[in-house]
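Q: Let me begin by handing over the structure; questions about it come next.
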Amino acid sequence: MKVVHVAAAVIRGADGRVLIAKRADDQHQGGLWEFPGGKVEAGETVETALARELNEELGIQPTRARPLIQVRHDYPDKRVLLDVWEVSAFSGEPYGAEGQPLAWVSPRQLSDYEFPAANRPLVAAARLPEHYLITPEDLDGPELLRGVRAALASGICLIQLRAPSMFDAQYRDLAVDIQGLCAGKAQLMLKGPLEWLGDFPAAGWHLTATQLRKYAAMGRPLPAQRWLAASCHDAEELALAAQMDVDFVTLSPVQATQTHPDAQALGWDLTRELLQNVNRPVYLLGGVGPDDLSRARQVGAQGVAGIRAFWPSSATLA
């Protein structure tokens, strides 16, 4: 079956909203919304194809763009490789040059629109930030609350509450408090038994690798409207994450870490190789921090996750 190579753009306005377009009824997947773009012609680079398509469809020229995610999807009648770039600056004023309706929507609103099935990972990538904060171990409740407040003030908008040394009751009480702090500011991801899912409807869930191996065959335990993530460390766990239809994953450890000194680091080359077959956003974790964001993107990641690298300093918390 022939593979159709498509260049698509997540176009962000100065206010952070994303531009989407509605497909004509007589097109493949007609009537659904999409990210603008089109086929990469023979001999074209993805950048050249993207610039041509955006000019033809919207009357704009991208002036700042970077790779965001690649997605491979098999329809009954065709295979598609979606090469998605984030366009953060452009010249011209977008309009539906082919008569297509356009809409500027907030990242949060993207889930309210119906996209082709292949676009679901694109929607996730467009909604997710570049940094994923994981809370440190061995802090008490008040310390964690102070740290989360400071992190929110600094612009962090994706937070995992990880407190493995806490008793279940302590963790659940703390989760309620932090969920309140995050409301309207950040997406909170919790960890714990799946039996807790119904008790925290506003929170997403981050599965451990052990949970992933145990429950993957049972399918996704959450509706599409709630974030589901998983911790992965190798190709097998990445495949299980796909089987469970999680929205995004962390992949670790990329480099040696203080917290897991005995864990075998993947290294950047193997990380790049693993990400070539992952049709969902990936945060790299383990020995990486904000300074590694550019390299993480170069190997195909959504961004970087971290504990110490993102947790507010003691001076900030004072």
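For the structure tokens, the naming scheme is as follows: chains receive sequential letters (A, B, ...) according to their order of presentation, residues are indexed from 1 within each chain, and ligands are indexed from 1 in presentation order.
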Env of A:Ile159: 10 Å cut, atoms = only C-alpha atoms, seq-sep filter 6 positions within chain, self excluded. Answer as a ChimeraX atom specification.
A: /A:131-135,148,151-152,178,182,186-190,204,305
Q: Convert the current residue selection to file output with N, CA and C atoms, as a short mmCIF file (atom, residue, chain, number, x, y, z; two decimals), in the first residue's frame.
A:
```cif
data_model
loop_
_atom_site.label_atom_id
_atom_site.label_comp_id
_atom_site.auth_asym_id
_atom_site.auth_seq_id
_atom_site.Cartn_x
_atom_site.Cartn_y
_atom_site.Cartn_z
N HIS A 131 7.35 21.26 28.80
CA HIS A 131 7.92 20.84 30.07
C HIS A 131 6.89 20.08 30.90
N TYR A 132 7.33 19.02 31.56
CA TYR A 132 6.48 18.19 32.40
C TYR A 132 7.16 18.07 33.75
N LEU A 133 6.57 18.69 34.76
CA LEU A 133 7.15 18.67 36.11
C LEU A 133 6.66 17.46 36.89
N ILE A 134 7.61 16.74 37.49
CA ILE A 134 7.30 15.62 38.38
C ILE A 134 7.76 16.02 39.78
N THR A 135 6.87 15.91 40.75
CA THR A 135 7.21 16.38 42.09
C THR A 135 8.26 15.48 42.74
N VAL A 148 4.43 23.55 44.35
CA VAL A 148 3.48 23.58 43.23
C VAL A 148 3.01 25.00 42.97
N ALA A 151 5.75 26.69 41.14
CA ALA A 151 5.87 26.17 39.78
C ALA A 151 4.77 26.74 38.88
N LEU A 152 3.56 26.81 39.40
CA LEU A 152 2.46 27.40 38.63
C LEU A 152 2.74 28.86 38.32
N ILE A 178 -3.90 19.92 45.70
CA ILE A 178 -3.14 20.34 44.52
C ILE A 178 -4.04 20.45 43.30
N CYS A 182 -4.31 23.71 40.83
CA CYS A 182 -4.08 23.61 39.39
C CYS A 182 -5.30 24.03 38.55
N ALA A 186 -3.22 24.53 35.22
CA ALA A 186 -2.35 23.44 34.80
C ALA A 186 -3.12 22.13 34.81
N GLN A 187 -2.61 21.18 34.05
CA GLN A 187 -3.17 19.84 34.05
C GLN A 187 -2.43 19.01 35.09
N LEU A 188 -3.17 18.45 36.03
CA LEU A 188 -2.58 17.60 37.06
C LEU A 188 -2.69 16.15 36.65
N MET A 189 -1.57 15.42 36.76
CA MET A 189 -1.54 13.98 36.52
C MET A 189 -1.27 13.28 37.85
N LEU A 190 -2.13 12.33 38.20
CA LEU A 190 -1.97 11.59 39.45
C LEU A 190 -1.45 10.19 39.18
N GLY A 204 -5.73 13.87 35.22
CA GLY A 204 -5.29 12.80 34.34
C GLY A 204 -4.60 11.73 35.17
N ALA A 305 10.86 16.07 30.64
CA ALA A 305 10.25 15.94 31.95
C ALA A 305 11.35 15.91 32.99
#
```
Q: Using only C-alpha atoms, determine which residues lie at most 10 Å from A:Lys78, disregarding the query and same-chain residues fewer than 4 positions distant; provide the list as JSON, numbers by chain.
A: {"A": [1, 2, 3, 4, 73, 74]}
Q: Would you please give, as JSON, numbers by chain, all residues of stretch 100-139 of chain A that DSSP assigns to strand (DSSP E or B) based on the backbone?
A: {"A": [102, 103, 104, 105, 131, 132, 133, 134]}
Q: Measuring atom to atom with only C-alpha atoms, identify which of A:Pro221, A:Pro76, A:Pro67, A:Gly92 is nearest to A:Leu54.
A: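 Result for the nearest residue to A:Leu54: A:Gly92.
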Q: May I ask which of the residues A:Phe200, A:Val123, A:Ile69, A:Leu81 is the closest one to A:Ala296, counting only C-alpha atoms?
A: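 The answer is A:Ile69, which sits nearest to A:Ala296.
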Q: What's the 10 Å shell around A:Val246, counting only C-alpha atoms, without same-chain residues fewer than 5 positions away, as a list of chain:residue names?
A: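 My list of contacting residues is A:Pro121, A:Trp205, A:His206, A:Leu207, A:Leu212, A:Ala216, A:Gly219, A:Arg220, A:Pro221, A:Leu222, A:Ala224, A:Trp227, A:Leu228, A:Ala229, A:Ala230, A:Leu238, A:Leu240, A:Ala241, A:Arg280, A:Pro281.
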Q: Just to confirm, what's the straight-line distance from atom CA of A:Ala24 to atom CA of A:Leu122 in Å (one decimal)?
A: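 Here the two named atoms are 20.0 Å from each other.
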Q: From the DSSP assignment of the backbone, select every residue of stretch 150-191 of chain A that is helix (DSSP H, G or I), and format the answer as a count of residues only.
A: 19
Q: Taking only C-alpha atoms into account, which of A:Arg64, A:Arg127, A:Arg162, A:Arg108 comes nearest A:Ile307?
A: A:Arg162
Q: When you look at A:Ala118 with a cut-off of 12 Å (counting only C-alpha atoms), what residues show up, excluding the ones that are within fewer than 3 positions of it in the same chain? I need them as a list in words.
A: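 The filter keeps Val6, Ala8, Gln29, Leu32, Trp33, Glu34, Phe35, Gln70, Val71, Arg72, His73, Asp74, Tyr75, Lys78, Arg79, Val80, Leu81, Leu82, Asp83, Val84, Glu114, Phe115, Pro121, Leu122, Val123, Ala124, Asn279 and Arg280 of chain A.
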Q: Would you pick out the contacts of stretch 60-62 of chain A at 7 Å or less, using only C-alpha atoms, so that residues sharing its chain but fewer than 4 positions from it are not included, and give the list as JSON, numbers by chain?
A: {"A": [51, 54, 55, 87, 89, 90, 91, 92, 93, 94]}
Q: Those selected residues, please, written with C-alpha atoms and delivered as a JSON list (two decimals), in the first residue's frame.
A:
```json
[["chain", "number", "residue", "atom", "x", "y", "z"],
["A", 51, "ALA", "CA", 5.40, 26.70, 2.99],
["A", 54, "LEU", "CA", 0.16, 27.25, 3.68],
["A", 55, "ASN", "CA", 0.52, 29.88, 0.98],
["A", 87, "VAL", "CA", 4.47, 27.38, 13.12],
["A", 89, "ALA", "CA", 5.34, 33.07, 13.40],
["A", 90, "PHE", "CA", 4.19, 33.87, 9.87],
["A", 91, "SER", "CA", 3.65, 36.75, 7.48],
["A", 92, "GLY", "CA", 0.26, 37.58, 6.00],
["A", 93, "GLU", "CA", -3.27, 37.26, 7.36],
["A", 94, "PRO", "CA", -4.75, 33.73, 7.18]]
```
Q: Please determine, counting only C-alpha atoms, which residue among A:Gly198, A:Pro312, A:Gly59, A:Gly37 has the shortest atom-to-atom distance to A:Ile156.
A: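 Counting only C-alpha atoms, the residue closest to A:Ile156 is A:Pro312.
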Q: Check the smallest atom-to-atom distance from each of A:Gly180, A:Pro193, A:Pro164, A:Gly287 to A:Lys214 using only C-alpha atoms, then report the winner.
A: A:Pro193
Q: Between atom CA of A:Trp85 and atom CA of A:Met244, what is the distance, to one decimal in Å?
A: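 That distance, rounded to one decimal, is 26.0 Å.
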Q: Nearest to A:Trp104: which of A:Leu251, A:Val18, A:Ala235, A:Leu285 is it, counting only C-alpha atoms?
A: A:Val18
Q: How far is it from atom CA of A:Asp140 to atom CA of A:Cys232, in Å with one decimal?
A: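 If I compute the distance from atom CA of A:Asp140 to atom CA of A:Cys232, I get 27.2 Å.
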